[in-house]
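Data block for final_1.txt (compact mmCIF, N, CA and C atoms):
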```
# COMPACT_ATOMS: atom_id res chain seq x y z
N GLN N 29 0.84 -1.19 0.00
CA GLN N 29 0.00 0.00 0.00
C GLN N 29 0.88 1.25 0.00
N VAL N 30 0.44 2.21 -0.75
CA VAL N 30 1.15 3.48 -0.85
C VAL N 30 0.13 4.61 -0.67
N GLN N 31 0.52 5.61 0.09
CA GLN N 31 -0.34 6.79 0.24
C GLN N 31 0.41 8.01 -0.29
N LEU N 32 -0.30 8.81 -1.04
CA LEU N 32 0.26 10.03 -1.62
C LEU N 32 -0.62 11.20 -1.21
N VAL N 33 -0.01 12.25 -0.69
CA VAL N 33 -0.76 13.42 -0.26
C VAL N 33 -0.11 14.67 -0.84
N GLU N 34 -0.86 15.37 -1.69
CA GLU N 34 -0.37 16.60 -2.29
C GLU N 34 -0.70 17.81 -1.43
N SER N 35 0.12 18.83 -1.55
CA SER N 35 -0.14 20.10 -0.89
C SER N 35 0.60 21.19 -1.64
N GLY N 36 0.26 22.43 -1.31
CA GLY N 36 0.98 23.56 -1.88
C GLY N 36 0.26 24.31 -2.97
N GLY N 37 -0.92 23.84 -3.36
CA GLY N 37 -1.66 24.55 -4.39
C GLY N 37 -2.20 25.88 -3.87
N GLY N 38 -2.74 26.66 -4.78
CA GLY N 38 -3.31 27.94 -4.39
C GLY N 38 -3.60 28.81 -5.58
N LEU N 39 -3.88 30.07 -5.29
CA LEU N 39 -4.18 31.06 -6.31
C LEU N 39 -2.96 31.95 -6.50
N VAL N 40 -2.55 32.11 -7.75
CA VAL N 40 -1.37 32.92 -8.04
C VAL N 40 -1.61 33.69 -9.33
N GLN N 41 -0.98 34.84 -9.45
CA GLN N 41 -1.11 35.62 -10.69
C GLN N 41 -0.19 35.06 -11.76
N ALA N 42 -0.57 35.31 -13.00
CA ALA N 42 0.27 34.87 -14.11
C ALA N 42 1.69 35.42 -13.93
N GLY N 43 2.66 34.56 -14.21
CA GLY N 43 4.05 34.94 -14.01
C GLY N 43 4.59 34.57 -12.65
N GLY N 44 3.71 34.18 -11.76
CA GLY N 44 4.12 33.82 -10.41
C GLY N 44 4.63 32.39 -10.32
N SER N 45 4.88 31.97 -9.09
CA SER N 45 5.42 30.64 -8.87
C SER N 45 4.74 29.97 -7.69
N LEU N 46 4.80 28.65 -7.70
CA LEU N 46 4.28 27.83 -6.61
C LEU N 46 5.15 26.59 -6.50
N ARG N 47 5.19 26.02 -5.33
CA ARG N 47 5.85 24.74 -5.15
C ARG N 47 4.86 23.74 -4.57
N LEU N 48 4.64 22.69 -5.30
CA LEU N 48 3.77 21.61 -4.84
C LEU N 48 4.61 20.52 -4.17
N SER N 49 4.01 19.89 -3.18
CA SER N 49 4.67 18.79 -2.48
C SER N 49 3.80 17.54 -2.56
N CYS N 50 4.48 16.42 -2.64
CA CYS N 50 3.80 15.13 -2.61
C CYS N 50 4.47 14.30 -1.51
N ALA N 51 3.75 14.07 -0.44
CA ALA N 51 4.27 13.25 0.66
C ALA N 51 3.92 11.80 0.39
N VAL N 52 4.93 10.95 0.44
CA VAL N 52 4.75 9.54 0.12
C VAL N 52 4.92 8.71 1.39
N SER N 53 4.00 7.82 1.65
CA SER N 53 4.11 6.95 2.82
C SER N 53 3.64 5.54 2.44
N GLY N 54 3.92 4.62 3.33
CA GLY N 54 3.56 3.24 3.06
C GLY N 54 4.77 2.49 2.51
N SER N 55 4.52 1.65 1.53
CA SER N 55 5.58 0.81 0.96
C SER N 55 6.41 1.61 -0.04
N THR N 56 7.12 2.60 0.48
CA THR N 56 7.85 3.53 -0.39
C THR N 56 8.98 2.84 -1.16
N PHE N 57 9.50 1.75 -0.60
CA PHE N 57 10.60 1.06 -1.25
C PHE N 57 10.18 0.45 -2.58
N SER N 58 8.87 0.24 -2.75
CA SER N 58 8.36 -0.42 -3.95
C SER N 58 8.08 0.55 -5.09
N ILE N 59 8.25 1.83 -4.83
CA ILE N 59 7.96 2.83 -5.86
C ILE N 59 9.22 3.14 -6.65
N THR N 60 9.14 3.00 -7.96
CA THR N 60 10.32 3.27 -8.78
C THR N 60 10.30 4.67 -9.38
N ARG N 61 9.13 5.26 -9.45
CA ARG N 61 9.05 6.62 -9.97
C ARG N 61 7.78 7.30 -9.45
N ILE N 62 7.84 8.60 -9.38
CA ILE N 62 6.68 9.42 -8.99
C ILE N 62 6.45 10.44 -10.08
N GLY N 63 5.21 10.60 -10.46
CA GLY N 63 4.88 11.55 -11.50
C GLY N 63 3.86 12.58 -11.01
N TRP N 64 3.87 13.72 -11.65
CA TRP N 64 2.84 14.74 -11.46
C TRP N 64 1.98 14.78 -12.72
N TYR N 65 0.69 14.81 -12.51
CA TYR N 65 -0.28 14.94 -13.58
C TYR N 65 -1.22 16.09 -13.22
N ARG N 66 -1.95 16.57 -14.19
CA ARG N 66 -2.92 17.63 -13.92
C ARG N 66 -4.16 17.43 -14.77
N GLN N 67 -5.26 17.95 -14.24
CA GLN N 67 -6.52 17.87 -14.96
C GLN N 67 -7.25 19.19 -14.85
N ALA N 68 -7.43 19.83 -16.00
CA ALA N 68 -8.17 21.08 -16.06
C ALA N 68 -9.65 20.77 -16.28
N PRO N 69 -10.53 21.71 -15.92
CA PRO N 69 -11.97 21.48 -16.10
C PRO N 69 -12.31 21.12 -17.54
N GLY N 70 -13.04 20.05 -17.72
CA GLY N 70 -13.48 19.64 -19.05
C GLY N 70 -12.40 18.98 -19.90
N LYS N 71 -11.24 18.74 -19.30
CA LYS N 71 -10.15 18.13 -20.07
C LYS N 71 -9.70 16.84 -19.42
N GLN N 72 -8.98 16.05 -20.20
CA GLN N 72 -8.45 14.80 -19.67
C GLN N 72 -7.22 15.07 -18.81
N ARG N 73 -6.97 14.15 -17.90
CA ARG N 73 -5.77 14.26 -17.08
C ARG N 73 -4.55 14.11 -17.98
N GLU N 74 -3.53 14.95 -17.75
CA GLU N 74 -2.35 14.91 -18.59
C GLU N 74 -1.08 14.85 -17.77
N PHE N 75 -0.06 14.27 -18.36
CA PHE N 75 1.24 14.14 -17.73
C PHE N 75 1.91 15.50 -17.64
N VAL N 76 2.59 15.74 -16.51
CA VAL N 76 3.33 16.98 -16.32
C VAL N 76 4.83 16.70 -16.20
N ALA N 77 5.18 15.86 -15.25
CA ALA N 77 6.61 15.59 -15.00
C ALA N 77 6.72 14.27 -14.24
N ARG N 78 7.94 13.71 -14.30
CA ARG N 78 8.17 12.42 -13.65
C ARG N 78 9.61 12.37 -13.17
N ILE N 79 9.83 11.73 -12.04
CA ILE N 79 11.19 11.53 -11.54
C ILE N 79 11.32 10.09 -11.08
N THR N 80 12.44 9.46 -11.45
CA THR N 80 12.66 8.07 -11.06
C THR N 80 13.46 8.01 -9.77
N ARG N 81 13.63 6.80 -9.29
CA ARG N 81 14.34 6.60 -8.04
C ARG N 81 15.78 7.09 -8.13
N ASP N 82 16.37 6.97 -9.33
CA ASP N 82 17.77 7.41 -9.47
C ASP N 82 17.88 8.88 -9.87
N GLY N 83 16.73 9.56 -9.92
CA GLY N 83 16.76 11.00 -10.16
C GLY N 83 16.57 11.43 -11.60
N SER N 84 16.35 10.50 -12.49
CA SER N 84 16.09 10.88 -13.89
C SER N 84 14.73 11.55 -13.99
N THR N 85 14.66 12.56 -14.84
CA THR N 85 13.41 13.34 -14.95
C THR N 85 12.91 13.43 -16.39
N ASN N 86 11.61 13.60 -16.51
CA ASN N 86 10.96 13.84 -17.80
C ASN N 86 9.90 14.91 -17.60
N TYR N 87 9.69 15.71 -18.63
CA TYR N 87 8.71 16.79 -18.55
C TYR N 87 7.84 16.82 -19.80
N ALA N 88 6.63 17.26 -19.62
CA ALA N 88 5.79 17.56 -20.78
C ALA N 88 6.36 18.80 -21.47
N ASP N 89 6.20 18.85 -22.78
CA ASP N 89 6.73 19.99 -23.53
C ASP N 89 6.14 21.31 -23.03
N SER N 90 4.90 21.27 -22.59
CA SER N 90 4.22 22.50 -22.18
C SER N 90 4.80 23.13 -20.92
N VAL N 91 5.56 22.35 -20.13
CA VAL N 91 6.09 22.88 -18.88
C VAL N 91 7.62 22.89 -18.87
N LYS N 92 8.22 22.35 -19.90
CA LYS N 92 9.69 22.25 -19.94
C LYS N 92 10.29 23.64 -19.86
N GLY N 93 11.26 23.79 -18.95
CA GLY N 93 11.91 25.08 -18.77
C GLY N 93 11.23 25.96 -17.74
N ARG N 94 10.02 25.61 -17.33
CA ARG N 94 9.30 26.40 -16.34
C ARG N 94 9.08 25.62 -15.03
N PHE N 95 8.95 24.31 -15.12
CA PHE N 95 8.71 23.48 -13.95
C PHE N 95 9.94 22.61 -13.68
N THR N 96 10.17 22.34 -12.41
CA THR N 96 11.26 21.45 -12.01
C THR N 96 10.74 20.45 -10.98
N ILE N 97 10.97 19.18 -11.27
CA ILE N 97 10.58 18.13 -10.33
C ILE N 97 11.82 17.68 -9.57
N SER N 98 11.66 17.43 -8.28
CA SER N 98 12.78 16.98 -7.47
C SER N 98 12.25 16.06 -6.38
N ARG N 99 13.17 15.38 -5.70
CA ARG N 99 12.75 14.48 -4.64
C ARG N 99 13.71 14.57 -3.47
N ASP N 100 13.18 14.32 -2.30
CA ASP N 100 13.96 14.27 -1.08
C ASP N 100 13.69 12.89 -0.48
N ASN N 101 14.62 11.96 -0.71
CA ASN N 101 14.38 10.58 -0.27
C ASN N 101 14.31 10.47 1.25
N ALA N 102 15.05 11.32 1.94
CA ALA N 102 15.05 11.27 3.40
C ALA N 102 13.68 11.66 3.96
N LYS N 103 12.98 12.53 3.25
CA LYS N 103 11.67 12.99 3.69
C LYS N 103 10.54 12.26 2.97
N ASN N 104 10.88 11.34 2.07
CA ASN N 104 9.85 10.65 1.28
C ASN N 104 8.91 11.66 0.62
N ALA N 105 9.50 12.62 -0.05
CA ALA N 105 8.70 13.67 -0.66
C ALA N 105 9.19 13.96 -2.07
N VAL N 106 8.27 14.34 -2.90
CA VAL N 106 8.57 14.79 -4.26
C VAL N 106 7.96 16.16 -4.42
N TYR N 107 8.70 17.05 -5.09
CA TYR N 107 8.27 18.43 -5.24
C TYR N 107 8.12 18.80 -6.71
N LEU N 108 7.25 19.73 -6.96
CA LEU N 108 7.12 20.30 -8.29
C LEU N 108 7.20 21.82 -8.13
N GLN N 109 8.34 22.36 -8.49
CA GLN N 109 8.53 23.82 -8.46
C GLN N 109 8.05 24.38 -9.79
N MET N 110 7.13 25.30 -9.72
CA MET N 110 6.53 25.86 -10.93
C MET N 110 6.82 27.35 -11.00
N TYR N 111 7.44 27.77 -12.08
CA TYR N 111 7.75 29.17 -12.32
C TYR N 111 6.98 29.66 -13.56
N SER N 112 6.93 30.97 -13.71
CA SER N 112 6.33 31.59 -14.89
C SER N 112 4.97 30.97 -15.21
N LEU N 113 4.15 30.88 -14.19
CA LEU N 113 2.85 30.23 -14.36
C LEU N 113 1.96 31.00 -15.32
N LYS N 114 1.17 30.24 -16.07
CA LYS N 114 0.26 30.79 -17.05
C LYS N 114 -1.17 30.39 -16.69
N PRO N 115 -2.15 31.15 -17.14
CA PRO N 115 -3.55 30.75 -16.87
C PRO N 115 -3.85 29.33 -17.32
N GLU N 116 -3.23 28.89 -18.40
CA GLU N 116 -3.47 27.53 -18.88
C GLU N 116 -2.87 26.45 -17.99
N ASP N 117 -2.11 26.84 -16.98
CA ASP N 117 -1.61 25.87 -16.00
C ASP N 117 -2.66 25.59 -14.92
N THR N 118 -3.75 26.32 -14.95
CA THR N 118 -4.81 26.11 -13.96
C THR N 118 -5.37 24.69 -14.08
N ALA N 119 -5.35 23.97 -12.97
CA ALA N 119 -5.80 22.58 -12.97
C ALA N 119 -5.70 22.03 -11.55
N ILE N 120 -6.23 20.84 -11.38
CA ILE N 120 -5.95 20.07 -10.17
C ILE N 120 -4.72 19.23 -10.47
N TYR N 121 -3.74 19.32 -9.60
CA TYR N 121 -2.48 18.60 -9.79
C TYR N 121 -2.47 17.38 -8.87
N TYR N 122 -2.11 16.25 -9.47
CA TYR N 122 -2.07 14.98 -8.75
C TYR N 122 -0.69 14.37 -8.82
N CYS N 123 -0.28 13.69 -7.76
CA CYS N 123 0.92 12.89 -7.88
C CYS N 123 0.53 11.43 -7.98
N ASN N 124 1.38 10.69 -8.64
CA ASN N 124 1.09 9.32 -9.01
C ASN N 124 2.30 8.44 -8.77
N GLY N 125 2.04 7.23 -8.23
CA GLY N 125 3.12 6.30 -8.00
C GLY N 125 2.69 4.90 -8.37
N PRO N 126 3.13 4.41 -9.53
CA PRO N 126 2.76 3.05 -9.92
C PRO N 126 3.59 2.02 -9.15
N VAL N 127 2.94 0.95 -8.71
CA VAL N 127 3.61 -0.16 -8.05
C VAL N 127 3.07 -1.43 -8.67
N GLY N 128 3.91 -2.04 -9.52
CA GLY N 128 3.46 -3.23 -10.23
C GLY N 128 2.21 -2.92 -11.03
N PRO N 129 1.16 -3.71 -10.85
CA PRO N 129 -0.06 -3.48 -11.64
C PRO N 129 -0.97 -2.39 -11.07
N TYR N 130 -0.56 -1.81 -9.94
CA TYR N 130 -1.40 -0.82 -9.28
C TYR N 130 -0.91 0.60 -9.52
N ASP N 131 -1.87 1.50 -9.59
CA ASP N 131 -1.59 2.92 -9.79
C ASP N 131 -2.12 3.68 -8.59
N TYR N 132 -1.24 4.29 -7.83
CA TYR N 132 -1.67 5.04 -6.66
C TYR N 132 -1.69 6.53 -6.99
N TRP N 133 -2.76 7.19 -6.53
CA TRP N 133 -2.95 8.62 -6.78
C TRP N 133 -3.25 9.33 -5.47
N GLY N 134 -2.83 10.58 -5.40
CA GLY N 134 -3.24 11.41 -4.29
C GLY N 134 -4.59 12.03 -4.57
N GLN N 135 -5.04 12.87 -3.65
CA GLN N 135 -6.36 13.48 -3.78
C GLN N 135 -6.34 14.73 -4.64
N GLY N 136 -5.15 15.24 -4.91
CA GLY N 136 -5.01 16.41 -5.77
C GLY N 136 -4.94 17.70 -4.99
N THR N 137 -4.34 18.70 -5.61
CA THR N 137 -4.28 20.04 -5.05
C THR N 137 -4.57 21.04 -6.17
N GLN N 138 -5.41 22.00 -5.88
CA GLN N 138 -5.86 22.94 -6.91
C GLN N 138 -4.84 24.06 -7.12
N VAL N 139 -4.51 24.29 -8.36
CA VAL N 139 -3.67 25.42 -8.75
C VAL N 139 -4.51 26.30 -9.67
N THR N 140 -4.63 27.56 -9.31
CA THR N 140 -5.37 28.51 -10.13
C THR N 140 -4.48 29.69 -10.45
N VAL N 141 -4.31 29.96 -11.73
CA VAL N 141 -3.47 31.06 -12.19
C VAL N 141 -4.36 32.11 -12.84
N SER N 142 -4.36 33.29 -12.25
CA SER N 142 -5.21 34.37 -12.78
C SER N 142 -4.42 35.21 -13.77
N SER N 143 -5.15 35.73 -14.74
CA SER N 143 -4.48 36.54 -15.78
C SER N 143 -4.45 38.01 -15.39
```
Can you give me the file's structure in the form of structure tokens?
Amino acid sequence: QVQLVESGGGLVQAGGSLRLSCAVSGSTFSITRIGWYRQAPGKQREFVARITRDGSTNYADSVKGRFTISRDNAKNAVYLQMYSLKPEDTAIYYCNGPVGPYDYWGQGTQVTVSS
């Protein structure tokens, strides 16, 4: 079992920044990667960024150069630092941790970027 809890969302003006946190608990040793996804109203959930256990990262083209994913293994946490936010970044942000055939998700944190 794995539990994921997101925090750090909020309301920010365009051009601003936010840092999201994903606290990971449970069978953390079984997680090989943690990803951030987002879902805007009326749209499908989409991939944002991913970090593996060895620190390798991947980003969606839409956030490359503006978002940075990192992890603190000692704290069992993964972060998403977001800079130069745009109104189109408005969404509920979720962290995800696949373990074998199972996909674990947090409850999400709302990010709203005003123009």
(message) If I take atom N of Ser35 of chain N and atom C of Gly128 of chain N, how far is one from the other in Å, to one decimal?
(response)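 If I compute the distance from atom N of Ser35 of chain N to atom C of Gly128 of chain N, I get 23.8 Å.
Straight-line separation from atom CA of Glu34 of chain N to atom CA of Gln67 of chain N: 14.1 Å.
Proximity ranking of N:Pro115, N:Pro69, N:Gly36, N:Pro129 relative to Val141 of chain N places N:Pro115 first, based on only C-alpha atoms.
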(request) Name all residues at most 5 Å from Gly44 of chain N (count all atoms listed in the file; drop same-chain ones fewer than 3 positions away) and give them as a PyMOL selection string. (result) chain N and resi 41+111-113
(message) Could you tell me how far atom CA of Ala68 of chain N sits from atom CA of Lys103 of chain N, in Å to one decimal place?
(response)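 Between atom CA of Lys103 of chain N and atom CA of Ala68 of chain N the gap works out to 29.1 Å.
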(request) Could you give me, as a ChimeraX atom specification, the residues within 12 Å of Lys71 of chain N, counting only C-alpha atoms and dropping anything in the same chain fewer than 4 positions from it? (result) /N:66-67,116,118-120
(message) Considering all atoms listed in the file, can you say which of N:Gln109, N:Asn124, N:Asn104, N:Asn86 comes closest to Val52 of chain N?
(response) N:Asn104
(message) Let's see if you can do this: from backbone DSSP, list all helix (DSSP H, G or I) residues in chain N, as a count of residues only.
(response) 6
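When only N, CA and C atoms are used to compute distances to Val33 of chain N, the closest of the residues N:Thr140, N:Ser53, N:Ser90, N:Ser45 turns out to be N:Ser53.
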(request) Return the single residue from N:Cys123, N:Gln29, N:Ser49, N:Arg61 that is closest to Arg81 of chain N, with distances computed using only N, CA and C atoms. (result)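 Using only N, CA and C atoms, Arg81 of chain N sits closest to N:Arg61.
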(request) Pick out each residue of chain N that DSSP on the backbone tags as strand (DSSP E); I need them as a PyMOL selection string. (result) chain N and resi 30-35+38-41+46-54+61-67+74-80+85-87+95-100+105-110+119-127+130-133+137-142
Just segment 31-65 of chain N from the block, N, CA and C atoms, as a tab-separated table (two decimals), in the first residue's frame, could you?
```
chain	number	residue	atom	x	y	z
N	31	GLN	N	0.52	5.61	0.09
N	31	GLN	CA	-0.34	6.79	0.24
N	31	GLN	C	0.41	8.01	-0.29
N	32	LEU	N	-0.30	8.81	-1.04
N	32	LEU	CA	0.26	10.03	-1.62
N	32	LEU	C	-0.62	11.20	-1.21
N	33	VAL	N	-0.01	12.25	-0.69
N	33	VAL	CA	-0.76	13.42	-0.26
N	33	VAL	C	-0.11	14.67	-0.84
N	34	GLU	N	-0.86	15.37	-1.69
N	34	GLU	CA	-0.37	16.60	-2.29
N	34	GLU	C	-0.70	17.81	-1.43
N	35	SER	N	0.12	18.83	-1.55
N	35	SER	CA	-0.14	20.10	-0.89
N	35	SER	C	0.60	21.19	-1.64
N	36	GLY	N	0.26	22.43	-1.31
N	36	GLY	CA	0.98	23.56	-1.88
N	36	GLY	C	0.26	24.31	-2.97
N	37	GLY	N	-0.92	23.84	-3.36
N	37	GLY	CA	-1.66	24.55	-4.39
N	37	GLY	C	-2.20	25.88	-3.87
N	38	GLY	N	-2.74	26.66	-4.78
N	38	GLY	CA	-3.31	27.94	-4.39
N	38	GLY	C	-3.60	28.81	-5.58
N	39	LEU	N	-3.88	30.07	-5.29
N	39	LEU	CA	-4.18	31.06	-6.31
N	39	LEU	C	-2.96	31.95	-6.50
N	40	VAL	N	-2.55	32.11	-7.75
N	40	VAL	CA	-1.37	32.92	-8.04
N	40	VAL	C	-1.61	33.69	-9.33
N	41	GLN	N	-0.98	34.84	-9.45
N	41	GLN	CA	-1.11	35.62	-10.69
N	41	GLN	C	-0.19	35.06	-11.76
N	42	ALA	N	-0.57	35.31	-13.00
N	42	ALA	CA	0.27	34.87	-14.11
N	42	ALA	C	1.69	35.42	-13.93
N	43	GLY	N	2.66	34.56	-14.21
N	43	GLY	CA	4.05	34.94	-14.01
N	43	GLY	C	4.59	34.57	-12.65
N	44	GLY	N	3.71	34.18	-11.76
N	44	GLY	CA	4.12	33.82	-10.41
N	44	GLY	C	4.63	32.39	-10.32
N	45	SER	N	4.88	31.97	-9.09
N	45	SER	CA	5.42	30.64	-8.87
N	45	SER	C	4.74	29.97	-7.69
N	46	LEU	N	4.80	28.65	-7.70
N	46	LEU	CA	4.28	27.83	-6.61
N	46	LEU	C	5.15	26.59	-6.50
N	47	ARG	N	5.19	26.02	-5.33
N	47	ARG	CA	5.85	24.74	-5.15
N	47	ARG	C	4.86	23.74	-4.57
N	48	LEU	N	4.64	22.69	-5.30
N	48	LEU	CA	3.77	21.61	-4.84
N	48	LEU	C	4.61	20.52	-4.17
N	49	SER	N	4.01	19.89	-3.18
N	49	SER	CA	4.67	18.79	-2.48
N	49	SER	C	3.80	17.54	-2.56
N	50	CYS	N	4.48	16.42	-2.64
N	50	CYS	CA	3.80	15.13	-2.61
N	50	CYS	C	4.47	14.30	-1.51
N	51	ALA	N	3.75	14.07	-0.44
N	51	ALA	CA	4.27	13.25	0.66
N	51	ALA	C	3.92	11.80	0.39
N	52	VAL	N	4.93	10.95	0.44
N	52	VAL	CA	4.75	9.54	0.12
N	52	VAL	C	4.92	8.71	1.39
N	53	SER	N	4.00	7.82	1.65
N	53	SER	CA	4.11	6.95	2.82
N	53	SER	C	3.64	5.54	2.44
N	54	GLY	N	3.92	4.62	3.33
N	54	GLY	CA	3.56	3.24	3.06
N	54	GLY	C	4.77	2.49	2.51
N	55	SER	N	4.52	1.65	1.53
N	55	SER	CA	5.58	0.81	0.96
N	55	SER	C	6.41	1.61	-0.04
N	56	THR	N	7.12	2.60	0.48
N	56	THR	CA	7.85	3.53	-0.39
N	56	THR	C	8.98	2.84	-1.16
N	57	PHE	N	9.50	1.75	-0.60
N	57	PHE	CA	10.60	1.06	-1.25
N	57	PHE	C	10.18	0.45	-2.58
N	58	SER	N	8.87	0.24	-2.75
N	58	SER	CA	8.36	-0.42	-3.95
N	58	SER	C	8.08	0.55	-5.09
N	59	ILE	N	8.25	1.83	-4.83
N	59	ILE	CA	7.96	2.83	-5.86
N	59	ILE	C	9.22	3.14	-6.65
N	60	THR	N	9.14	3.00	-7.96
N	60	THR	CA	10.32	3.27	-8.78
N	60	THR	C	10.30	4.67	-9.38
N	61	ARG	N	9.13	5.26	-9.45
N	61	ARG	CA	9.05	6.62	-9.97
N	61	ARG	C	7.78	7.30	-9.45
N	62	ILE	N	7.84	8.60	-9.38
N	62	ILE	CA	6.68	9.42	-8.99
N	62	ILE	C	6.45	10.44	-10.08
N	63	GLY	N	5.21	10.60	-10.46
N	63	GLY	CA	4.88	11.55	-11.50
N	63	GLY	C	3.86	12.58	-11.01
N	64	TRP	N	3.87	13.72	-11.65
N	64	TRP	CA	2.84	14.74	-11.46
N	64	TRP	C	1.98	14.78	-12.72
N	65	TYR	N	0.69	14.81	-12.51
N	65	TYR	CA	-0.28	14.94	-13.58
N	65	TYR	C	-1.22	16.09	-13.22
```
